[in-house]
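Below is the file work.pdb, which contains PDB, N, CA and C atoms.
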```
MODEL        1
ATOM      1  N   MET A   1      77.356   0.831   6.004
ATOM      2  CA  MET A   1      76.906  -0.489   5.628
ATOM      3  C   MET A   1      76.969  -1.445   6.816
ATOM      4  N   GLY A   2      78.009  -1.311   7.611
ATOM      5  CA  GLY A   2      78.152  -2.181   8.766
ATOM      6  C   GLY A   2      77.074  -1.953   9.805
ATOM      7  N   ALA A   3      76.660  -0.698   9.983
ATOM      8  CA  ALA A   3      75.613  -0.398  10.955
ATOM      9  C   ALA A   3      74.275  -0.978  10.504
ATOM     10  N   LEU A   4      74.023  -0.963   9.208
ATOM     11  CA  LEU A   4      72.781  -1.534   8.691
ATOM     12  C   LEU A   4      72.752  -3.043   8.911
ATOM     13  N   ILE A   5      73.863  -3.700   8.700
ATOM     14  CA  ILE A   5      73.940  -5.143   8.954
ATOM     15  C   ILE A   5      73.775  -5.426  10.440
ATOM     16  N   PHE A   6      74.383  -4.599  11.278
ATOM     17  CA  PHE A   6      74.262  -4.770  12.731
ATOM     18  C   PHE A   6      72.812  -4.644  13.174
ATOM     19  N   TYR A   7      72.130  -3.598  12.753
ATOM     20  CA  TYR A   7      70.743  -3.400  13.184
ATOM     21  C   TYR A   7      69.797  -4.412  12.549
ATOM     22  N   THR A   8      70.109  -4.909  11.363
ATOM     23  CA  THR A   8      69.305  -5.982  10.775
ATOM     24  C   THR A   8      69.449  -7.254  11.598
ATOM     25  N   THR A   9      70.654  -7.526  12.052
ATOM     26  CA  THR A   9      70.884  -8.684  12.920
ATOM     27  C   THR A   9      70.137  -8.529  14.232
ATOM     28  N   VAL A  10      70.160  -7.339  14.803
ATOM     29  CA  VAL A  10      69.432  -7.087  16.052
ATOM     30  C   VAL A  10      67.936  -7.285  15.836
ATOM     31  N   TYR A  11      67.426  -6.820  14.689
ATOM     32  CA  TYR A  11      66.001  -6.995  14.387
ATOM     33  C   TYR A  11      65.635  -8.472  14.344
ATOM     34  N   PHE A  12      66.431  -9.266  13.628
ATOM     35  CA  PHE A  12      66.099 -10.680  13.516
ATOM     36  C   PHE A  12      66.298 -11.422  14.832
ATOM     37  N   LEU A  13      67.215 -10.978  15.665
ATOM     38  CA  LEU A  13      67.345 -11.574  16.993
ATOM     39  C   LEU A  13      66.079 -11.337  17.808
ATOM     40  N   GLY A  14      65.545 -10.126  17.773
ATOM     41  CA  GLY A  14      64.296  -9.836  18.478
ATOM     42  C   GLY A  14      63.121 -10.591  17.900
ATOM     43  N   TYR A  15      63.077 -10.680  16.570
ATOM     44  CA  TYR A  15      61.990 -11.380  15.887
ATOM     45  C   TYR A  15      61.965 -12.856  16.280
ATOM     46  N   TYR A  16      63.129 -13.496  16.183
ATOM     47  CA  TYR A  16      63.175 -14.918  16.488
ATOM     48  C   TYR A  16      63.157 -15.200  17.988
ATOM     49  N   ALA A  17      63.591 -14.277  18.807
ATOM     50  CA  ALA A  17      63.466 -14.452  20.260
ATOM     51  C   ALA A  17      61.996 -14.453  20.660
ATOM     52  N   ALA A  18      61.200 -13.605  20.032
ATOM     53  CA  ALA A  18      59.755 -13.600  20.303
ATOM     54  C   ALA A  18      59.137 -14.919  19.857
ATOM     55  N   HIS A  19      59.573 -15.417  18.715
ATOM     56  CA  HIS A  19      59.058 -16.707  18.229
ATOM     57  C   HIS A  19      59.442 -17.843  19.179
ATOM     58  N   LEU A  20      60.699 -17.867  19.607
ATOM     59  CA  LEU A  20      61.150 -18.923  20.516
ATOM     60  C   LEU A  20      60.450 -18.838  21.873
ATOM     61  N   LEU A  21      60.184 -17.629  22.334
ATOM     62  CA  LEU A  21      59.451 -17.472  23.587
ATOM     63  C   LEU A  21      58.033 -18.021  23.459
ATOM     64  N   ASN A  22      57.383 -17.727  22.347
ATOM     65  CA  ASN A  22      56.038 -18.264  22.124
ATOM     66  C   ASN A  22      56.058 -19.789  22.049
ATOM     67  N   GLU A  23      57.063 -20.349  21.398
ATOM     68  CA  GLU A  23      57.165 -21.802  21.292
ATOM     69  C   GLU A  23      57.485 -22.444  22.641
ATOM     70  N   ALA A  24      58.338 -21.810  23.435
ATOM     71  CA  ALA A  24      58.726 -22.375  24.729
ATOM     72  C   ALA A  24      57.561 -22.373  25.711
ATOM     73  N   VAL A  25      56.752 -21.335  25.662
ATOM     74  CA  VAL A  25      55.623 -21.240  26.580
ATOM     75  C   VAL A  25      54.472 -22.129  26.109
ATOM     76  N   GLY A  26      54.352 -22.295  24.821
ATOM     77  CA  GLY A  26      53.293 -23.140  24.289
ATOM     78  C   GLY A  26      52.043 -22.386  23.892
ATOM     79  N   ARG A  27      52.065 -21.093  24.029
ATOM     80  CA  ARG A  27      50.944 -20.262  23.592
ATOM     81  C   ARG A  27      51.496 -18.921  23.139
ATOM     82  N   VAL A  28      50.644 -18.103  22.581
ATOM     83  CA  VAL A  28      51.094 -16.838  22.007
ATOM     84  C   VAL A  28      51.141 -15.774  23.103
ATOM     85  N   LEU A  29      52.342 -15.373  23.479
ATOM     86  CA  LEU A  29      52.518 -14.252  24.402
ATOM     87  C   LEU A  29      52.747 -12.953  23.638
ATOM     88  N   ILE A  30      53.511 -13.056  22.580
ATOM     89  CA  ILE A  30      53.820 -11.889  21.749
ATOM     90  C   ILE A  30      53.172 -12.126  20.394
ATOM     91  N   ARG A  31      52.135 -11.361  20.113
ATOM     92  CA  ARG A  31      51.371 -11.583  18.890
ATOM     93  C   ARG A  31      52.099 -11.087  17.646
ATOM     94  N   ASN A  32      52.722  -9.940  17.722
ATOM     95  CA  ASN A  32      53.351  -9.353  16.550
ATOM     96  C   ASN A  32      54.860  -9.397  16.714
ATOM     97  N   ARG A  33      55.473 -10.360  16.044
ATOM     98  CA  ARG A  33      56.925 -10.521  16.174
ATOM     99  C   ARG A  33      57.671  -9.398  15.473
ATOM    100  N   ARG A  34      57.075  -8.801  14.457
ATOM    101  CA  ARG A  34      57.737  -7.682  13.781
ATOM    102  C   ARG A  34      57.915  -6.507  14.723
ATOM    103  N   VAL A  35      56.893  -6.239  15.509
ATOM    104  CA  VAL A  35      56.992  -5.138  16.477
ATOM    105  C   VAL A  35      58.017  -5.480  17.557
ATOM    106  N   ALA A  36      58.090  -6.741  17.957
ATOM    107  CA  ALA A  36      59.091  -7.151  18.946
ATOM    108  C   ALA A  36      60.496  -6.910  18.421
ATOM    109  N   GLY A  37      60.718  -7.210  17.153
ATOM    110  CA  GLY A  37      62.021  -6.941  16.557
ATOM    111  C   GLY A  37      62.322  -5.456  16.501
ATOM    112  N   LEU A  38      61.307  -4.651  16.155
ATOM    113  CA  LEU A  38      61.509  -3.199  16.104
ATOM    114  C   LEU A  38      61.769  -2.612  17.488
ATOM    115  N   VAL A  39      61.109  -3.148  18.497
ATOM    116  CA  VAL A  39      61.338  -2.651  19.860
ATOM    117  C   VAL A  39      62.783  -2.906  20.275
ATOM    118  N   LEU A  40      63.296  -4.078  19.966
ATOM    119  CA  LEU A  40      64.693  -4.364  20.298
ATOM    120  C   LEU A  40      65.640  -3.451  19.524
ATOM    121  N   VAL A  41      65.347  -3.200  18.258
ATOM    122  CA  VAL A  41      66.177  -2.298  17.456
ATOM    123  C   VAL A  41      66.153  -0.900  18.061
ATOM    124  N   LEU A  42      65.001  -0.422  18.468
ATOM    125  CA  LEU A  42      64.908   0.919  19.049
ATOM    126  C   LEU A  42      65.632   1.002  20.389
ATOM    127  N   MET A  43      65.565  -0.049  21.181
ATOM    128  CA  MET A  43      66.277  -0.041  22.460
ATOM    129  C   MET A  43      67.790  -0.021  22.251
ATOM    130  N   VAL A  44      68.278  -0.832  21.334
ATOM    131  CA  VAL A  44      69.710  -0.870  21.058
ATOM    132  C   VAL A  44      70.159   0.450  20.436
ATOM    133  N   SER A  45      69.335   1.024  19.563
ATOM    134  CA  SER A  45      69.721   2.285  18.924
ATOM    135  C   SER A  45      69.771   3.431  19.928
ATOM    136  N   MET A  46      68.889   3.415  20.916
ATOM    137  CA  MET A  46      68.953   4.471  21.939
ATOM    138  C   MET A  46      70.225   4.347  22.762
ATOM    139  N   SER A  47      70.613   3.134  23.110
ATOM    140  CA  SER A  47      71.858   2.979  23.874
ATOM    141  C   SER A  47      73.077   3.311  23.003
ATOM    142  N   HIS A  48      73.006   2.983  21.728
ATOM    143  CA  HIS A  48      74.094   3.311  20.808
ATOM    144  C   HIS A  48      74.204   4.828  20.633
ATOM    145  N   ALA A  49      73.064   5.494  20.501
ATOM    146  CA  ALA A  49      73.074   6.955  20.365
ATOM    147  C   ALA A  49      73.609   7.615  21.632
ATOM    148  N   TYR A  50      73.228   7.096  22.788
ATOM    149  CA  TYR A  50      73.744   7.644  24.037
ATOM    150  C   TYR A  50      75.260   7.498  24.110
ATOM    151  N   LYS A  51      75.764   6.349  23.689
ATOM    152  CA  LYS A  51      77.210   6.119  23.717
ATOM    153  C   LYS A  51      77.929   7.070  22.763
ATOM    154  N   ILE A  52      77.353   7.307  21.589
ATOM    155  CA  ILE A  52      77.971   8.227  20.634
ATOM    156  C   ILE A  52      77.990   9.649  21.186
ATOM    157  N   LEU A  53      76.891  10.075  21.789
ATOM    158  CA  LEU A  53      76.801  11.445  22.279
ATOM    159  C   LEU A  53      77.584  11.682  23.560
ATOM    160  N   SER A  54      77.777  10.634  24.363
ATOM    161  CA  SER A  54      78.433  10.837  25.654
ATOM    162  C   SER A  54      79.954  10.733  25.589
ATOM    163  N   THR A  55      80.489  10.180  24.521
ATOM    164  CA  THR A  55      81.938  10.079  24.403
ATOM    165  C   THR A  55      82.456  11.132  23.427
ATOM    166  N   THR A  56      83.697  11.461  23.596
ATOM    167  CA  THR A  56      84.302  12.423  22.679
ATOM    168  C   THR A  56      84.764  11.692  21.430
ATOM    169  N   PRO A  57      84.622  12.319  20.276
ATOM    170  CA  PRO A  57      85.060  11.649  19.045
ATOM    171  C   PRO A  57      86.586  11.546  19.003
ATOM    172  N   PRO A  58      87.100  10.620  18.238
ATOM    173  CA  PRO A  58      88.554  10.501  18.110
ATOM    174  C   PRO A  58      89.148  11.792  17.550
ATOM    175  N   PRO A  59      90.394  12.091  17.868
ATOM    176  CA  PRO A  59      90.976  13.367  17.449
ATOM    177  C   PRO A  59      91.098  13.531  15.937
ATOM    178  N   ASP A  60      91.188  12.444  15.191
ATOM    179  CA  ASP A  60      91.342  12.580  13.748
ATOM    180  C   ASP A  60      90.011  12.687  13.000
ATOM    181  N   HIS A  61      88.896  12.603  13.713
ATOM    182  CA  HIS A  61      87.574  12.738  13.092
ATOM    183  C   HIS A  61      86.990  14.094  13.456
ATOM    184  N   GLY A  62      86.887  14.971  12.499
ATOM    185  CA  GLY A  62      86.348  16.302  12.752
ATOM    186  C   GLY A  62      84.887  16.444  12.376
ATOM    187  N   ASP A  63      84.234  15.323  12.044
ATOM    188  CA  ASP A  63      82.853  15.387  11.589
ATOM    189  C   ASP A  63      81.879  15.693  12.718
ATOM    190  N   GLY A  64      82.141  15.242  13.903
ATOM    191  CA  GLY A  64      81.288  15.516  15.039
ATOM    192  C   GLY A  64      80.332  14.375  15.353
ATOM    193  N   ALA A  65      79.680  14.519  16.492
ATOM    194  CA  ALA A  65      78.783  13.474  16.970
ATOM    195  C   ALA A  65      77.485  13.436  16.174
ATOM    196  N   GLY A  66      77.040  14.573  15.674
ATOM    197  CA  GLY A  66      75.802  14.597  14.898
ATOM    198  C   GLY A  66      75.908  13.800  13.612
ATOM    199  N   TYR A  67      77.034  13.912  12.963
ATOM    200  CA  TYR A  67      77.267  13.145  11.736
ATOM    201  C   TYR A  67      77.290  11.646  12.037
ATOM    202  N   ALA A  68      77.992  11.267  13.094
ATOM    203  CA  ALA A  68      78.062   9.853  13.480
ATOM    204  C   ALA A  68      76.697   9.333  13.896
ATOM    205  N   LEU A  69      75.944  10.151  14.605
ATOM    206  CA  LEU A  69      74.602   9.748  15.031
ATOM    207  C   LEU A  69      73.701   9.512  13.829
ATOM    208  N   GLY A  70      73.757  10.403  12.861
ATOM    209  CA  GLY A  70      72.928  10.247  11.673
ATOM    210  C   GLY A  70      73.334   9.069  10.820
ATOM    211  N   LEU A  71      74.628   8.863  10.663
ATOM    212  CA  LEU A  71      75.120   7.815   9.774
ATOM    213  C   LEU A  71      75.031   6.427  10.392
ATOM    214  N   TYR A  72      75.310   6.303  11.675
ATOM    215  CA  TYR A  72      75.406   4.990  12.300
ATOM    216  C   TYR A  72      74.184   4.592  13.109
ATOM    217  N   VAL A  73      73.249   5.514  13.353
ATOM    218  CA  VAL A  73      72.066   5.161  14.128
ATOM    219  C   VAL A  73      70.787   5.511  13.365
ATOM    220  N   ILE A  74      70.611   6.766  13.027
ATOM    221  CA  ILE A  74      69.339   7.207  12.469
ATOM    222  C   ILE A  74      69.082   6.602  11.087
ATOM    223  N   LEU A  75      70.057   6.632  10.212
ATOM    224  CA  LEU A  75      69.868   6.102   8.859
ATOM    225  C   LEU A  75      69.554   4.606   8.847
ATOM    226  N   PRO A  76      70.327   3.741   9.516
ATOM    227  CA  PRO A  76      69.992   2.314   9.473
ATOM    228  C   PRO A  76      68.655   1.981  10.135
ATOM    229  N   VAL A  77      68.357   2.646  11.244
ATOM    230  CA  VAL A  77      67.085   2.371  11.922
ATOM    231  C   VAL A  77      65.919   2.819  11.053
ATOM    232  N   THR A  78      66.057   3.944  10.376
ATOM    233  CA  THR A  78      65.003   4.407   9.481
ATOM    234  C   THR A  78      64.793   3.432   8.329
ATOM    235  N   ILE A  79      65.863   2.915   7.760
ATOM    236  CA  ILE A  79      65.743   1.946   6.672
ATOM    237  C   ILE A  79      65.044   0.677   7.141
ATOM    238  N   ILE A  80      65.369   0.211   8.327
ATOM    239  CA  ILE A  80      64.744  -1.002   8.852
ATOM    240  C   ILE A  80      63.267  -0.766   9.144
ATOM    241  N   VAL A  81      62.932   0.366   9.742
ATOM    242  CA  VAL A  81      61.525   0.668  10.028
ATOM    243  C   VAL A  81      60.729   0.761   8.732
ATOM    244  N   ILE A  82      61.260   1.415   7.728
ATOM    245  CA  ILE A  82      60.564   1.526   6.442
ATOM    246  C   ILE A  82      60.384   0.145   5.818
ATOM    247  N   ALA A  83      61.391  -0.698   5.876
ATOM    248  CA  ALA A  83      61.290  -2.040   5.295
ATOM    249  C   ALA A  83      60.234  -2.874   6.019
ATOM    250  N   VAL A  84      60.206  -2.810   7.340
ATOM    251  CA  VAL A  84      59.230  -3.582   8.106
ATOM    252  C   VAL A  84      57.813  -3.071   7.834
ATOM    253  N   LEU A  85      57.644  -1.752   7.791
ATOM    254  CA  LEU A  85      56.319  -1.204   7.492
ATOM    255  C   LEU A  85      55.873  -1.571   6.081
ATOM    256  N   PHE A  86      56.793  -1.548   5.134
ATOM    257  CA  PHE A  86      56.449  -1.924   3.761
ATOM    258  C   PHE A  86      56.034  -3.390   3.683
ATOM    259  N   LEU A  87      56.780  -4.278   4.336
ATOM    260  CA  LEU A  87      56.429  -5.691   4.305
ATOM    261  C   LEU A  87      55.105  -5.961   5.015
ATOM    262  N   ALA A  88      54.841  -5.252   6.102
ATOM    263  CA  ALA A  88      53.555  -5.396   6.787
ATOM    264  C   ALA A  88      52.418  -4.887   5.909
ATOM    265  N   TRP A  89      52.656  -3.796   5.203
ATOM    266  CA  TRP A  89      51.646  -3.254   4.303
ATOM    267  C   TRP A  89      51.381  -4.219   3.151
ATOM    268  N   GLN A  90      52.433  -4.822   2.600
ATOM    269  CA  GLN A  90      52.277  -5.785   1.520
ATOM    270  C   GLN A  90      51.494  -7.014   1.983
ATOM    271  N   LYS A  91      51.788  -7.486   3.180
ATOM    272  CA  LYS A  91      51.077  -8.650   3.710
ATOM    273  C   LYS A  91      49.605  -8.312   3.929
ATOM    274  N   ASN A  92      49.347  -7.136   4.477
ATOM    275  CA  ASN A  92      47.968  -6.713   4.701
ATOM    276  C   ASN A  92      47.228  -6.549   3.388
ATOM    277  N   ARG A  93      47.898  -6.001   2.381
ATOM    278  CA  ARG A  93      47.292  -5.817   1.067
ATOM    279  C   ARG A  93      46.985  -7.147   0.396
ATOM    280  N   ASN A  94      47.897  -8.118   0.532
ATOM    281  CA  ASN A  94      47.668  -9.442  -0.043
ATOM    282  C   ASN A  94      46.527 -10.173   0.656
ATOM    283  N   ASN A  95      46.397  -9.997   1.966
ATOM    284  CA  ASN A  95      45.306 -10.648   2.693
ATOM    285  C   ASN A  95      43.958 -10.036   2.350
ATOM    286  N   ASN A  96      43.916  -8.744   2.055
ATOM    287  CA  ASN A  96      42.658  -8.080   1.736
ATOM    288  C   ASN A  96      42.182  -8.357   0.312
ATOM    289  N   THR A  97      43.070  -8.714  -0.591
ATOM    290  CA  THR A  97      42.671  -8.944  -1.973
ATOM    291  C   THR A  97      42.165 -10.357  -2.205
ATOM    292  N   ARG A  98      42.371 -11.233  -1.290
ATOM    293  CA  ARG A  98      41.914 -12.616  -1.472
ATOM    294  C   ARG A  98      40.502 -12.805  -1.056
TER     295      ARG A  98
ENDMDL
END
```

Please express what this file holds, its structure, as structure tokens.
Amino acid sequence: MGALIFYTTVYFLGYYAAHLLNEAVGRVLIRNRRVAGLVLVLMVSMSHAYKILSTTPPPDHGDGAGYALGLYVILPVTIIVIAVLFLAWQKNRNNNTR
């Protein structure tokens, strides 16, 4: 649950950073803020996965790095990507029906 909250926060930081950059410049540099948020999530998840795989797990955890990678990186990122794609699909569907 904590990893999902972390990656959701990272997504919104990327989303709003793209918005603030567009506002600061005065024109649209980044057209799709959703993709900007996903790019930041993917960059952070790759560094998080590298950190999980490159360090040894604590001695009291016998689950292994694959379990930690799936639970703390792959699952939350997949949920966020699915949610963003669903919301983009809903927006596109609503725009086409009008």

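Checking A:Ile30, A:Leu38, A:Ala65, A:Ala88 one by one against Phe12 in chain A, counting all atoms listed in the file, you find the shortest gap at A:Leu38.
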
On this file, the PyMOL selection byres (((chain A and resi 8 and name CA) around 12) and name CA) gives some set of residues; write that set as a count of residues only. 30

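Our summary of the geometry notes that atom C of Lys51 in chain A is positioned 8.9 Å from atom N of Leu69 in chain A.
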
DSSP alpha helix (DSSP H) residues within chain A, listed as JSON, numbers by chain: {"A": [2, 3, 4, 5, 6, 7, 8, 9, 10, 11, 12, 13, 14, 15, 16, 17, 18, 19, 20, 21, 22, 23, 24, 25, 33, 34, 35, 36, 37, 38, 39, 40, 41, 42, 43, 44, 45, 46, 47, 48, 49, 50, 51, 52, 53, 54, 65, 66, 67, 68, 69, 75, 76, 77, 78, 79, 80, 81, 82, 83, 84, 85, 86, 87, 88, 89, 90, 91, 92, 93, 94, 95, 96, 97]}

At what distance in Å, to one decimal, does atom C of Ala68 in chain A lie from atom C of Ile52 in chain A? 7.4 Å

Between CA of Leu20 in chain A and CA of Arg33 in chain A, distance in Å (one decimal):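 Value for the CA of Leu20 in chain A-CA of Arg33 in chain A distance: 10.4 Å.
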
How big is the axis-aligned box around all listed atoms of range 6-23 of chain A once 8 Å goes on each side, and where's its centre, in Å to one decimal, as lines of an AutoDock Vina configuration file?
```
center_x = 65.2
center_y = -12.9
center_z = 17.2
size_x = 34.3
size_y = 35.0
size_z = 28.8
```
